[in-house]
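coords28.cif follows (mmCIF, C-alpha atoms):
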```
data_final
#
loop_
_atom_site.label_atom_id
_atom_site.label_comp_id
_atom_site.auth_asym_id
_atom_site.auth_seq_id
_atom_site.Cartn_x
_atom_site.Cartn_y
_atom_site.Cartn_z
CA MET A 29 -0.62 -10.79 134.38
CA ALA A 30 -1.82 -9.25 137.63
CA ILE A 31 -1.78 -5.51 136.89
CA ARG A 32 -4.30 -3.51 138.92
CA TYR A 33 -5.36 0.12 138.55
CA LEU A 34 -6.15 1.66 141.93
CA LYS A 35 -6.83 4.95 140.15
CA ASN A 36 -7.60 5.73 136.51
CA GLY A 37 -7.47 8.99 134.60
CA LYS A 38 -9.51 10.06 131.59
CA THR A 39 -10.29 7.34 129.09
CA GLU A 40 -8.40 7.19 125.81
CA THR A 41 -11.65 8.12 124.03
CA ALA A 42 -12.06 11.28 126.10
CA ARG A 43 -8.44 12.24 125.53
CA ALA A 44 -8.85 11.69 121.78
CA GLU A 45 -11.88 14.00 121.75
CA ASP A 46 -9.86 16.69 123.49
CA ASP A 47 -7.08 16.25 120.92
CA ALA A 48 -9.52 16.53 118.01
CA GLN A 49 -10.83 19.87 119.27
CA VAL A 50 -7.30 21.21 119.71
CA ARG A 51 -6.38 20.01 116.21
CA GLN A 52 -9.26 21.90 114.59
CA ASN A 53 -8.59 25.14 116.48
CA VAL A 54 -4.89 25.08 115.60
CA GLU A 55 -5.58 24.43 111.92
CA GLU A 56 -7.83 27.50 111.70
CA ILE A 57 -5.37 29.75 113.53
CA LEU A 58 -2.37 28.71 111.42
CA ALA A 59 -4.39 29.37 108.26
CA SER A 60 -5.11 32.91 109.45
CA ILE A 61 -1.42 33.55 110.18
CA GLU A 62 -0.43 32.30 106.76
CA THR A 63 -2.92 34.54 104.94
CA GLU A 64 -2.90 37.66 107.14
CA GLY A 65 0.62 37.68 108.60
CA ASP A 66 1.32 40.39 111.18
CA ALA A 67 -2.33 41.43 111.41
CA ALA A 68 -3.37 37.92 112.48
CA VAL A 69 -0.47 37.67 114.93
CA ARG A 70 -1.45 40.95 116.60
CA SER A 71 -5.11 39.98 116.75
CA LEU A 72 -4.27 36.62 118.33
CA SER A 73 -1.93 38.23 120.88
CA GLU A 74 -4.68 40.67 121.86
CA LYS A 75 -7.22 37.86 122.14
CA PHE A 76 -5.18 35.32 124.09
CA ASP A 77 -2.62 37.42 125.98
CA LYS A 78 -4.25 40.89 126.11
CA TYR A 79 -0.95 42.18 124.74
CA SER A 80 -0.43 44.55 121.80
CA PRO A 81 2.86 46.47 121.96
CA VAL A 82 4.24 48.79 119.32
CA ALA A 83 6.58 45.99 118.26
CA PHE A 84 6.69 42.37 119.40
CA ARG A 85 10.44 42.16 118.84
CA LEU A 86 12.44 43.58 121.73
CA SER A 87 15.11 46.16 120.95
CA ALA A 88 18.60 46.00 122.43
CA SER A 89 17.73 48.80 124.87
CA GLU A 90 14.53 47.04 125.97
CA ILE A 91 16.47 43.83 126.59
CA GLU A 92 19.06 45.73 128.61
CA ALA A 93 16.36 47.44 130.71
CA LEU A 94 14.61 44.15 131.42
CA MET A 95 17.84 42.43 132.43
CA ALA A 96 18.55 45.27 134.86
CA GLN A 97 15.38 44.26 136.74
CA VAL A 98 16.74 40.79 137.56
CA SER A 99 18.25 40.61 141.05
CA ASP A 100 21.91 39.73 141.46
CA ARG A 101 21.03 36.43 143.17
CA ASP A 102 18.55 35.43 140.46
CA MET A 103 21.06 36.32 137.76
CA GLU A 104 23.76 34.29 139.49
CA ASP A 105 21.43 31.27 139.74
CA LEU A 106 20.35 31.66 136.12
CA LYS A 107 23.95 31.78 134.91
CA PHE A 108 24.86 28.72 137.00
CA ALA A 109 22.03 26.69 135.47
CA GLN A 110 22.89 27.83 131.97
CA GLU A 111 26.52 26.91 132.50
CA GLN A 112 25.51 23.34 133.40
CA VAL A 113 23.36 23.03 130.28
CA ARG A 114 26.10 24.45 128.05
CA LYS A 115 28.71 22.19 129.62
CA PHE A 116 26.77 18.98 128.95
CA ALA A 117 25.72 20.16 125.48
CA GLN A 118 29.37 20.82 124.61
CA ILE A 119 30.34 17.34 125.82
CA GLN A 120 27.63 15.92 123.56
CA ARG A 121 28.78 18.08 120.63
CA ASP A 122 32.35 16.91 121.10
CA SER A 123 31.16 13.30 120.84
CA MET A 124 29.97 13.94 117.29
CA ARG A 125 32.66 14.12 114.67
CA ASP A 126 32.96 14.60 110.95
CA VAL A 127 34.37 11.56 109.16
CA GLU A 128 36.21 10.94 105.91
CA VAL A 129 37.49 7.50 104.97
CA GLU A 130 38.85 5.68 101.91
CA THR A 131 36.51 2.68 101.77
CA LEU A 132 38.07 1.27 98.56
CA PRO A 133 41.24 2.35 96.77
CA GLY A 134 40.42 5.75 95.27
CA VAL A 135 36.90 5.97 96.83
CA ILE A 136 36.44 8.59 99.54
CA LEU A 137 33.24 8.72 101.64
CA GLY A 138 32.50 11.16 104.43
CA HIS A 139 29.96 13.12 106.38
CA LYS A 140 29.80 16.60 107.85
CA ASN A 141 27.70 17.78 110.80
CA ILE A 142 26.26 21.13 109.71
CA PRO A 143 24.15 23.34 112.00
CA VAL A 144 20.56 24.10 111.03
CA GLN A 145 20.78 27.64 109.67
CA SER A 146 17.89 29.18 111.62
CA VAL A 147 15.78 27.97 114.53
CA GLY A 148 12.75 29.30 116.37
CA CYS A 149 12.93 28.55 120.10
CA TYR A 150 9.61 28.67 121.93
CA VAL A 151 9.83 29.30 125.67
CA PRO A 152 6.50 28.81 127.51
CA GLY A 153 5.58 31.40 130.11
CA GLY A 154 1.90 32.29 130.27
CA LYS A 155 1.09 30.49 133.54
CA PHE A 156 4.66 30.03 134.83
CA PRO A 157 7.68 31.88 133.37
CA MET A 158 9.79 28.96 132.12
CA VAL A 159 13.25 30.47 132.51
CA ALA A 160 14.89 27.05 132.21
CA SER A 161 13.38 26.40 128.78
CA ALA A 162 15.49 29.24 127.39
CA HIS A 163 18.66 27.45 128.45
CA MET A 164 17.47 24.17 126.97
CA SER A 165 16.70 25.50 123.50
CA VAL A 166 18.55 28.78 122.98
CA ALA A 167 21.83 27.95 124.74
CA THR A 168 21.93 24.45 123.22
CA ALA A 169 21.38 25.87 119.73
CA SER A 170 24.21 28.31 120.42
CA VAL A 171 26.56 25.45 121.36
CA ALA A 172 25.60 23.73 118.09
CA GLY A 173 26.63 26.86 116.16
CA VAL A 174 23.22 27.83 114.73
CA PRO A 175 23.81 31.20 112.99
CA ARG A 176 20.28 32.62 113.51
CA ILE A 177 18.47 31.88 116.77
CA VAL A 178 15.00 33.37 117.16
CA ALA A 179 13.34 33.15 120.58
CA ALA A 180 9.72 33.80 121.51
CA THR A 181 7.93 33.79 124.86
CA PRO A 182 4.49 35.04 125.91
CA PRO A 183 4.02 38.06 128.15
CA PHE A 184 3.73 37.29 131.86
CA ASN A 185 1.09 39.34 133.64
CA GLY A 186 0.93 41.66 130.64
CA ALA A 187 4.64 42.34 130.19
CA PRO A 188 7.89 40.61 129.18
CA ASN A 189 9.29 38.53 132.03
CA PRO A 190 12.75 39.93 132.87
CA ALA A 191 14.31 36.61 133.93
CA VAL A 192 13.12 34.78 130.80
CA ILE A 193 14.40 37.56 128.56
CA ALA A 194 17.74 37.54 130.40
CA ALA A 195 18.06 33.78 129.89
CA MET A 196 17.26 34.11 126.18
CA HIS A 197 19.77 36.90 125.69
CA LEU A 198 22.55 35.22 127.67
CA GLY A 199 21.80 31.97 125.86
CA GLY A 200 22.63 33.59 122.53
CA ALA A 201 19.30 34.57 120.95
CA HIS A 202 19.73 36.92 117.99
CA GLU A 203 16.07 37.99 117.91
CA ILE A 204 13.65 38.01 120.86
CA TYR A 205 9.87 38.31 120.43
CA VAL A 206 7.27 38.62 123.17
CA LEU A 207 4.70 36.34 121.58
CA GLY A 208 2.88 33.33 122.95
CA GLY A 209 1.20 30.16 121.83
CA ILE A 210 0.19 29.29 118.30
CA GLN A 211 0.84 32.84 117.09
CA ALA A 212 4.49 32.55 118.15
CA VAL A 213 5.32 29.20 116.56
CA GLY A 214 3.14 30.00 113.53
CA ALA A 215 4.87 33.34 112.91
CA MET A 216 8.34 31.84 113.30
CA ALA A 217 7.60 28.92 110.98
CA LEU A 218 5.48 30.61 108.32
CA GLY A 219 6.97 34.09 108.47
CA THR A 220 5.14 37.41 108.39
CA GLN A 221 5.81 40.85 106.96
CA THR A 222 8.21 41.55 109.86
CA ILE A 223 9.44 38.08 110.88
CA ASP A 224 11.57 36.00 108.54
CA PRO A 225 10.67 32.30 108.69
CA VAL A 226 13.01 29.80 110.35
CA HIS A 227 14.09 26.34 109.22
CA MET A 228 13.23 24.56 112.47
CA LEU A 229 11.02 24.93 115.57
CA VAL A 230 12.07 23.69 119.01
CA GLY A 231 10.83 23.87 122.57
CA PRO A 232 7.99 22.59 124.74
CA GLY A 233 4.52 24.04 125.13
CA ASN A 234 0.91 23.33 125.93
CA ALA A 235 -1.34 21.10 123.84
CA TYR A 236 -1.93 23.93 121.32
CA VAL A 237 1.76 24.66 120.82
CA ALA A 238 2.55 20.95 120.46
CA GLU A 239 -0.23 20.50 117.90
CA ALA A 240 0.89 23.59 115.97
CA LYS A 241 4.40 22.15 115.71
CA ARG A 242 2.94 18.86 114.52
CA GLN A 243 0.92 20.57 111.79
CA LEU A 244 3.86 22.74 110.73
CA TYR A 245 6.25 19.79 110.48
CA GLY A 246 7.30 19.41 106.87
CA ARG A 247 7.17 23.14 106.24
CA VAL A 248 9.86 23.33 108.92
CA GLY A 249 11.68 20.79 111.00
CA ILE A 250 10.74 20.25 114.63
CA ASP A 251 12.72 18.85 117.51
CA LEU A 252 10.07 16.40 118.77
CA PHE A 253 6.52 16.16 120.01
CA ALA A 254 6.86 17.93 123.38
CA GLY A 255 3.37 18.54 124.73
CA PRO A 256 2.00 18.80 128.27
CA THR A 257 4.32 17.42 130.93
CA GLU A 258 4.11 13.74 131.86
CA THR A 259 5.69 12.03 134.84
CA MET A 260 5.92 8.46 136.07
CA VAL A 261 7.23 7.30 139.43
CA ILE A 262 8.46 3.70 139.50
CA ALA A 263 8.81 2.76 143.16
CA ASP A 264 9.00 -0.14 145.56
CA GLU A 265 9.06 -0.24 149.35
CA SER A 266 12.62 1.06 149.46
CA VAL A 267 11.01 4.54 149.50
CA ASP A 268 7.98 6.04 151.24
CA ALA A 269 4.67 7.59 150.21
CA GLU A 270 5.73 11.18 150.95
CA LEU A 271 8.54 10.99 148.41
CA CYS A 272 6.28 9.39 145.77
CA ALA A 273 3.44 11.86 146.29
CA THR A 274 5.78 14.85 146.21
CA ASP A 275 7.35 13.75 142.93
CA LEU A 276 3.94 13.12 141.32
CA LEU A 277 2.39 16.45 142.34
CA GLY A 278 5.60 18.34 141.57
CA GLN A 279 4.91 17.72 137.88
CA ALA A 280 1.10 17.71 137.99
CA GLU A 281 1.18 21.43 138.80
CA HIS A 282 2.46 22.20 135.28
CA GLY A 283 -1.05 22.34 133.80
CA TYR A 284 -4.54 20.91 133.84
CA ASN A 285 -3.65 17.96 131.62
CA SER A 286 -0.31 16.70 132.93
CA PRO A 287 -0.37 12.90 133.38
CA ALA A 288 1.18 11.62 136.60
CA VAL A 289 1.50 7.85 137.11
CA LEU A 290 2.64 5.79 140.08
CA LEU A 291 3.87 2.34 139.07
CA THR A 292 4.67 0.04 141.99
CA ASN A 293 4.79 -3.56 143.13
CA SER A 294 3.54 -2.61 146.60
CA GLU A 295 -0.18 -2.11 147.16
CA LYS A 296 0.66 -0.76 150.60
CA LEU A 297 2.86 1.97 149.10
CA ALA A 298 0.21 2.68 146.46
CA ARG A 299 -2.57 3.24 149.00
CA GLU A 300 -0.34 5.28 151.29
CA THR A 301 0.67 7.47 148.33
CA LEU A 302 -2.99 8.09 147.44
CA SER A 303 -3.59 9.27 151.02
CA GLU A 304 -0.44 11.40 150.99
CA ILE A 305 -1.50 13.05 147.72
CA ASP A 306 -4.81 14.06 149.32
CA ARG A 307 -2.91 15.55 152.25
CA LEU A 308 -0.50 17.49 150.06
CA LEU A 309 -3.21 18.80 147.74
CA ALA A 310 -4.85 20.44 150.77
CA ILE A 311 -1.73 22.58 151.40
CA LEU A 312 -0.04 22.93 147.98
CA PRO A 313 -0.22 26.56 146.74
CA THR A 314 -0.67 25.34 143.16
CA THR A 315 -3.43 22.89 144.10
CA ASP A 316 -5.93 24.53 141.74
CA THR A 317 -3.88 23.22 138.84
CA ALA A 318 -2.35 20.08 140.32
CA SER A 319 -5.64 18.73 141.67
CA VAL A 320 -7.30 18.92 138.24
CA SER A 321 -4.39 17.12 136.59
CA TRP A 322 -4.36 14.47 139.28
CA GLN A 323 -8.12 13.97 139.09
CA ASP A 324 -8.27 13.71 135.28
CA TYR A 325 -4.84 12.30 134.40
CA GLY A 326 -3.46 10.68 137.56
CA GLU A 327 -3.04 6.90 137.66
CA VAL A 328 -1.88 4.38 140.25
CA ILE A 329 -0.87 0.98 138.87
CA VAL A 330 0.12 -2.02 141.00
CA CYS A 331 2.09 -4.91 139.50
CA ASP A 332 3.24 -8.19 141.02
CA THR A 333 6.78 -8.24 139.60
CA TYR A 334 9.55 -5.95 138.44
CA ASP A 335 9.28 -7.45 134.96
CA GLU A 336 5.62 -6.42 134.83
CA MET A 337 6.55 -2.92 135.97
CA LEU A 338 9.15 -2.73 133.19
CA GLU A 339 6.64 -3.85 130.56
CA VAL A 340 4.01 -1.31 131.68
CA ALA A 341 6.60 1.48 131.88
CA ASP A 342 7.84 0.86 128.34
CA ASP A 343 4.25 0.75 127.06
CA ILE A 344 3.36 4.10 128.66
CA ALA A 345 6.69 5.64 127.53
CA SER A 346 6.36 8.58 129.90
CA GLU A 347 8.30 11.81 129.41
CA HIS A 348 9.89 11.83 132.90
CA VAL A 349 10.51 8.53 134.67
CA GLN A 350 11.57 8.75 138.31
CA VAL A 351 12.96 5.36 139.40
CA MET A 352 13.23 4.75 143.15
CA THR A 353 13.73 1.03 143.75
CA ASP A 354 16.27 -1.43 145.07
CA ARG A 355 17.43 -2.02 141.46
CA ASP A 356 17.55 1.37 139.73
CA ASP A 357 20.39 0.38 137.40
CA TRP A 358 18.36 -2.66 136.26
CA PHE A 359 15.73 -0.27 134.93
CA LEU A 360 18.47 1.85 133.29
CA GLU A 361 19.80 -1.26 131.53
CA ASN A 362 16.41 -2.61 130.45
CA MET A 363 14.05 0.31 129.81
CA THR A 364 13.81 1.30 126.14
CA CYS A 365 10.93 3.80 125.82
CA TYR A 366 10.95 7.05 127.83
CA GLY A 367 11.95 10.69 127.68
CA ALA A 368 14.55 10.80 130.46
CA LEU A 369 15.34 8.68 133.51
CA PHE A 370 15.87 10.08 137.00
CA LEU A 371 17.55 7.35 139.00
CA GLY A 372 17.44 7.02 142.77
CA ALA A 373 15.75 8.84 145.63
CA ARG A 374 18.45 11.55 145.67
CA THR A 375 17.59 12.47 142.08
CA ASN A 376 14.45 14.33 141.06
CA VAL A 377 12.73 15.62 137.94
CA ALA A 378 12.76 19.25 139.12
CA ASN A 379 16.57 19.28 139.12
CA GLY A 380 16.49 17.92 135.57
CA ASP A 381 13.96 20.56 134.62
CA LYS A 382 15.94 23.47 135.98
CA VAL A 383 19.61 23.05 136.69
CA ILE A 384 21.44 19.73 136.56
CA GLY A 385 22.48 20.05 132.90
CA THR A 386 20.48 17.51 130.89
CA ASN A 387 17.88 18.91 128.51
CA HIS A 388 14.29 19.11 129.76
CA THR A 389 12.58 19.26 126.36
CA LEU A 390 11.50 15.64 126.11
CA PRO A 391 9.12 13.44 124.09
CA THR A 392 5.49 13.08 125.25
CA LYS A 393 2.47 11.08 124.12
CA LYS A 394 4.51 7.91 123.64
CA ALA A 395 6.98 9.62 121.29
CA GLY A 396 9.75 8.20 123.47
CA ARG A 397 9.22 5.00 121.50
CA TYR A 398 10.96 6.55 118.48
CA THR A 399 12.90 9.62 119.61
CA GLY A 400 14.92 10.94 122.50
CA GLY A 401 14.77 14.48 123.82
CA LEU A 402 16.20 17.75 122.57
CA TRP A 403 19.99 17.82 122.55
CA VAL A 404 22.76 19.53 120.66
CA GLY A 405 22.56 16.89 117.91
CA LYS A 406 19.00 17.94 117.04
CA PHE A 407 20.40 21.24 115.76
CA LEU A 408 22.89 19.48 113.48
CA LYS A 409 22.27 17.87 110.11
CA THR A 410 24.58 15.03 109.11
CA HIS A 411 25.26 15.31 105.37
CA SER A 412 27.22 12.70 103.43
CA TYR A 413 29.54 13.22 100.47
CA GLN A 414 31.60 11.07 98.15
CA LYS A 415 34.62 11.48 95.86
CA VAL A 416 36.13 9.08 93.32
CA MET A 417 39.81 9.96 93.04
CA THR A 418 41.31 7.58 90.43
CA ASP A 419 40.47 6.34 86.94
CA GLU A 420 40.67 2.75 88.15
CA ALA A 421 38.12 3.38 90.93
CA ALA A 422 35.75 5.21 88.53
CA ALA A 423 35.79 2.27 86.10
CA MET A 424 35.46 -0.38 88.78
CA ILE A 425 32.59 1.26 90.71
CA GLY A 426 30.99 2.27 87.40
CA ALA A 427 30.84 -1.33 86.19
CA TYR A 428 29.10 -2.48 89.37
CA GLY A 429 26.78 0.51 89.25
CA SER A 430 25.89 -0.08 85.59
CA ARG A 431 24.91 -3.69 86.16
CA LEU A 432 22.87 -2.88 89.27
CA CYS A 433 21.03 -0.08 87.45
CA MET A 434 20.15 -2.39 84.58
CA LEU A 435 18.93 -4.99 87.10
CA GLU A 436 16.29 -2.44 88.09
CA GLY A 437 15.59 -1.32 84.53
CA PHE A 438 17.09 2.15 84.92
CA VAL A 439 18.87 2.61 81.57
CA GLY A 440 19.57 6.32 82.08
CA HIS A 441 21.07 5.60 85.46
CA ALA A 442 23.24 2.89 83.92
CA GLU A 443 24.53 5.29 81.31
CA GLN A 444 25.74 7.66 84.05
CA CYS A 445 27.97 4.78 85.14
CA ASN A 446 28.84 3.64 81.59
CA ILE A 447 30.18 7.00 80.46
CA ARG A 448 32.69 6.81 83.32
CA VAL A 449 33.63 3.25 82.37
CA ARG A 450 34.25 4.39 78.79
CA ARG A 451 36.18 7.53 79.69
CA TYR A 452 38.24 6.28 82.62
CA GLY A 453 38.46 2.54 81.98
CA GLY A 454 38.84 2.44 78.22
CA GLN A 455 35.93 0.01 77.80
CA ASN A 456 33.41 0.49 74.96
CA VAL A 457 30.01 -0.02 76.59
CA PRO A 458 27.13 0.45 74.08
CA TYR A 459 24.32 2.75 75.26
CA GLY A 460 21.63 0.79 77.07
CA GLU A 461 23.82 -2.16 77.98
CA ALA A 462 25.45 -3.02 81.29
CA ALA A 463 29.20 -2.76 81.68
CA GLU A 464 30.89 -6.13 81.94
#
```

Could you spell out this file's structure in structure tokens?
Amino acid sequence: MAIRYLKNGKTETARAEDDAQVRQNVEEILASIETEGDAAVRSLSEKFDKYSPVAFRLSASEIEALMAQVSDRDMEDLKFAQEQVRKFAQIQRDSMRDVEVETLPGVILGHKNIPVQSVGCYVPGGKFPMVASAHMSVATASVAGVPRIVAATPPFNGAPNPAVIAAMHLGGAHEIYVLGGIQAVGAMALGTQTIDPVHMLVGPGNAYVAEAKRQLYGRVGIDLFAGPTETMVIADESVDAELCATDLLGQAEHGYNSPAVLLTNSEKLARETLSEIDRLLAILPTTDTASVSWQDYGEVIVCDTYDEMLEVADDIASEHVQVMTDRDDWFLENMTCYGALFLGARTNVANGDKVIGTNHTLPTKKAGRYTGGLWVGKFLKTHSYQKVMTDEAAAMIGAYGSRLCMLEGFVGHAEQCNIRVRRYGGQNVPYGEAAE
């Protein structure tokens, strides 16, 4: 297979070393939150965000005052974006239905979709105030019917960001905390003297937030592993280098460790894109961040065939996959491992991130191999139930159940079935024997 790397990022070994250091730091910080509660949370906020208010939870009057600072145009745009997210989430919710069916005469089976009872929504905002993340988690949880929605976001330049707070409030958050990083997700999951713990954590974040969610999983549910942003551009010569370079750097500016990969079957396009990236980095206002990500995590991969491109793409399983080829729908039909697809040159990841209506909280670090992104269904638990309605059904199912329990050696289990056979079927089944 002729797959060539014109540019490599950090080695897997170097990335694993970075992950190990993050893992250790997070473990220590979560332990301090669990033992010290509010005191640890305040200390961490002072250390990492230089922020120590009288109370981290915003009052109704504080929320109102912050929302008043948002311009009419910004508020209009924010509401438009949130409406698109709610609209698609409601369509998804409507596709999920409770079921109840009589599978055998007198045997009723069913399931109910029940909202998670409390969720903690983390909205990143230390470097860039992620207004859109509030729509994706808070508003989607609201559509799902979650009765207690807690939202947390770090201070921005030493104070709550008005637009983020407005998005949280309009999205339906019942409690809003100005807290960032590990201290936010740790406090929401573990609880403190002033914050009741939640049942589930959702939302994207940096490597520390993602690792904290991973370590807290089991104590609480999580949506998915949503760490630093990843993007892949799959392109052929139907598009040009400027488009490819723009889409790669548009995501690389997220942070210092945001992988950006160009996958193409054109070496000409690959080399032109490398040159175009150098040109754009010289003028991009966020070049201090984007250039580090591109240097350490950028990759350019050239394949000979579309089949090779498909195989490499599924192996990398990138969070965002921008497909700009002469056969975009072929990739839609055949790709199996990714966060979300953005199909065609008219489409772009930024629209998905901010406004188009799909959810931008997506799997990273190859998690797209086993999960999709955040959606209304993540906030719902599907619980089954069963009812046996007639004596005849109780005796018939009980006889099968008794024999199958005895096949496995579970005598006590078998007796649960046998007592029903005796009572409802009139058969005398001795204790410890299978019903005939």

Quick one: which stretch 198-295 of chain A residues come within 12 Å of stretch 299-318 of chain A, and what is the nearest atom pair for each with the distance in Å to one decimal, counting only C-alpha atoms, rows ordered by chain and ascending number, as a tab-separated table?
```
residue	atom	partner	partner_atom	distance
A:Thr257	CA	A:Ala318	CA	11.8
A:Val261	CA	A:Thr301	CA	11.1
A:Ala263	CA	A:Thr301	CA	10.7
A:Asp264	CA	A:Thr301	CA	11.6
A:Glu265	CA	A:Glu300	CA	11.1
A:Val267	CA	A:Thr301	CA	10.8
A:Asp268	CA	A:Thr301	CA	8.0
A:Ala269	CA	A:Thr301	CA	4.4
A:Glu270	CA	A:Glu304	CA	6.2
A:Leu271	CA	A:Thr301	CA	8.6
A:Cys272	CA	A:Thr301	CA	6.5
A:Ala273	CA	A:Ile305	CA	5.3
A:Thr274	CA	A:Ile305	CA	7.6
A:Asp275	CA	A:Ile305	CA	10.1
A:Leu276	CA	A:Ile305	CA	8.4
A:Leu277	CA	A:Ala318	CA	6.3
A:Gly278	CA	A:Ala318	CA	8.2
A:Gln279	CA	A:Ala318	CA	8.0
A:Ala280	CA	A:Ala318	CA	4.8
A:Glu281	CA	A:Ala318	CA	4.1
A:His282	CA	A:Ala318	CA	7.3
A:Gly283	CA	A:Thr317	CA	5.8
A:Tyr284	CA	A:Thr317	CA	5.5
A:Asn285	CA	A:Thr317	CA	8.9
A:Ser286	CA	A:Ala318	CA	8.4
A:Pro287	CA	A:Ala318	CA	10.2
A:Ala288	CA	A:Ala318	CA	9.9
A:Val289	CA	A:Thr301	CA	11.3
A:Leu290	CA	A:Thr301	CA	8.6
A:Leu291	CA	A:Thr301	CA	11.1
A:Thr292	CA	A:Thr301	CA	10.6
A:Asn293	CA	A:Arg299	CA	11.6
A:Ser294	CA	A:Arg299	CA	8.8
A:Glu295	CA	A:Arg299	CA	6.1
```

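If you look at atom CA of A:Met417 and atom CA of A:Pro143, they are 28.0 Å away from each other.
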
Report task. Mind checking which residues fall within 9 Å of stretch 395-406 of chain A, counting all atoms listed in the file, ignoring those fewer than 5 positions away in the same chain, and posting them as number ranges by chain? Result -> A: 117-118, 120-121, 124, 141, 143-144, 164-165, 168-172, 230-231, 250-254, 342-343, 345-347, 364-368, 386-390

Query raised in the report: With only C-alpha atoms as the atoms that count, which of A:Ala212, A:Met434, A:Ala378, A:Phe116 lies nearest to A:Val237?
Result: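 The closest residue to A:Val237 is A:Ala212.
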
Near-A:Tyr205 list (8 Å; all atoms listed in the file; drop same-chain fewer than 4 positions) as a tab-separated table (two decimals) with C-alpha atoms, in the coordinates of the input:
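Done, and the output landed in around-v6.tsv:
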```
chain	number	residue	atom	x	y	z
A	84	PHE	CA	6.69	42.37	119.40
A	85	ARG	CA	10.44	42.16	118.84
A	86	LEU	CA	12.44	43.58	121.73
A	178	VAL	CA	15.00	33.37	117.16
A	179	ALA	CA	13.34	33.15	120.58
A	180	ALA	CA	9.72	33.80	121.51
A	181	THR	CA	7.93	33.79	124.86
```

Requested in this report: Find the residues around A:Ala93 up to 12 Å (all atoms listed in the file counted), leave out those fewer than 2 positions away in its own chain, and share them as a count of residues only.
Outcome: 16

Report task. Tell me, in Å to one decimal, how far atom CA of A:Ala217 is from atom CA of A:Ala59. Result ->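 Interatomic distance, atom CA of A:Ala217 to atom CA of A:Ala59: 12.3 Å.
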
Requested in this report: Expand the PyMOL selection byres ((chain A and resi 353-359) around 9) into the individual residues it matches in the shown file, reporting them as JSON, numbers by chain.
Outcome: {"A": [262, 263, 264, 265, 266, 267, 338, 351, 352, 360, 361, 362, 363, 371, 372, 373]}

Query raised in the report: Do you know which residues the PyMOL selection byres ((chain A and resi 55) around 10) returns on this file, as a PyMOL selection string?
Result: chain A and resi 50-54+56-60+210+239-240+243-244

Requested in this report: Please provide the set of residues having any atom within 9 Å of A:Asp419, restricted to only C-alpha atoms, with same-chain residues fewer than 3 positions apart removed, written as a ChimeraX atom specification.
Outcome: /A:134,416,422-424,448-449,451-453

**Report entry** Shell around A:Gly460 at 12 Å using all atoms listed in the file, local window under 5 positions removed, as a list in words
**Finding:**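 In the requested form, the answer reads Ser430, Arg431, Cys433, Met434, Leu435, Gly437, Phe438, Val439, Gly440, His441, Ala442, Glu443, Gln444, Cys445, Asn446 and Ile447 of chain A.
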
Requested in this report: Return as a ChimeraX atom specification the set of residues that the PyMOL selection byres ((chain A and resi 75-79) around 8) yields on the displayed structure.
Outcome: /A:71-74,80-81,182-183,186-187,208

Query raised in the report: What is the distance between atom CA of A:Ile61 and atom CA of A:Lys409, in Å to one decimal?
Result: 28.4 Å

Query raised in the report: Looking at all atoms listed in the file, which of A:Asp335, A:Asp381, A:Glu203, A:Glu461 is the one that sits closest to A:Ala30?
Result: A:Asp335

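Closest approach to A:Gly148 from the set A:Tyr459, A:Phe108, A:Phe407, A:Tyr236 is made by A:Phe407, with distances taken over all atoms listed in the file.
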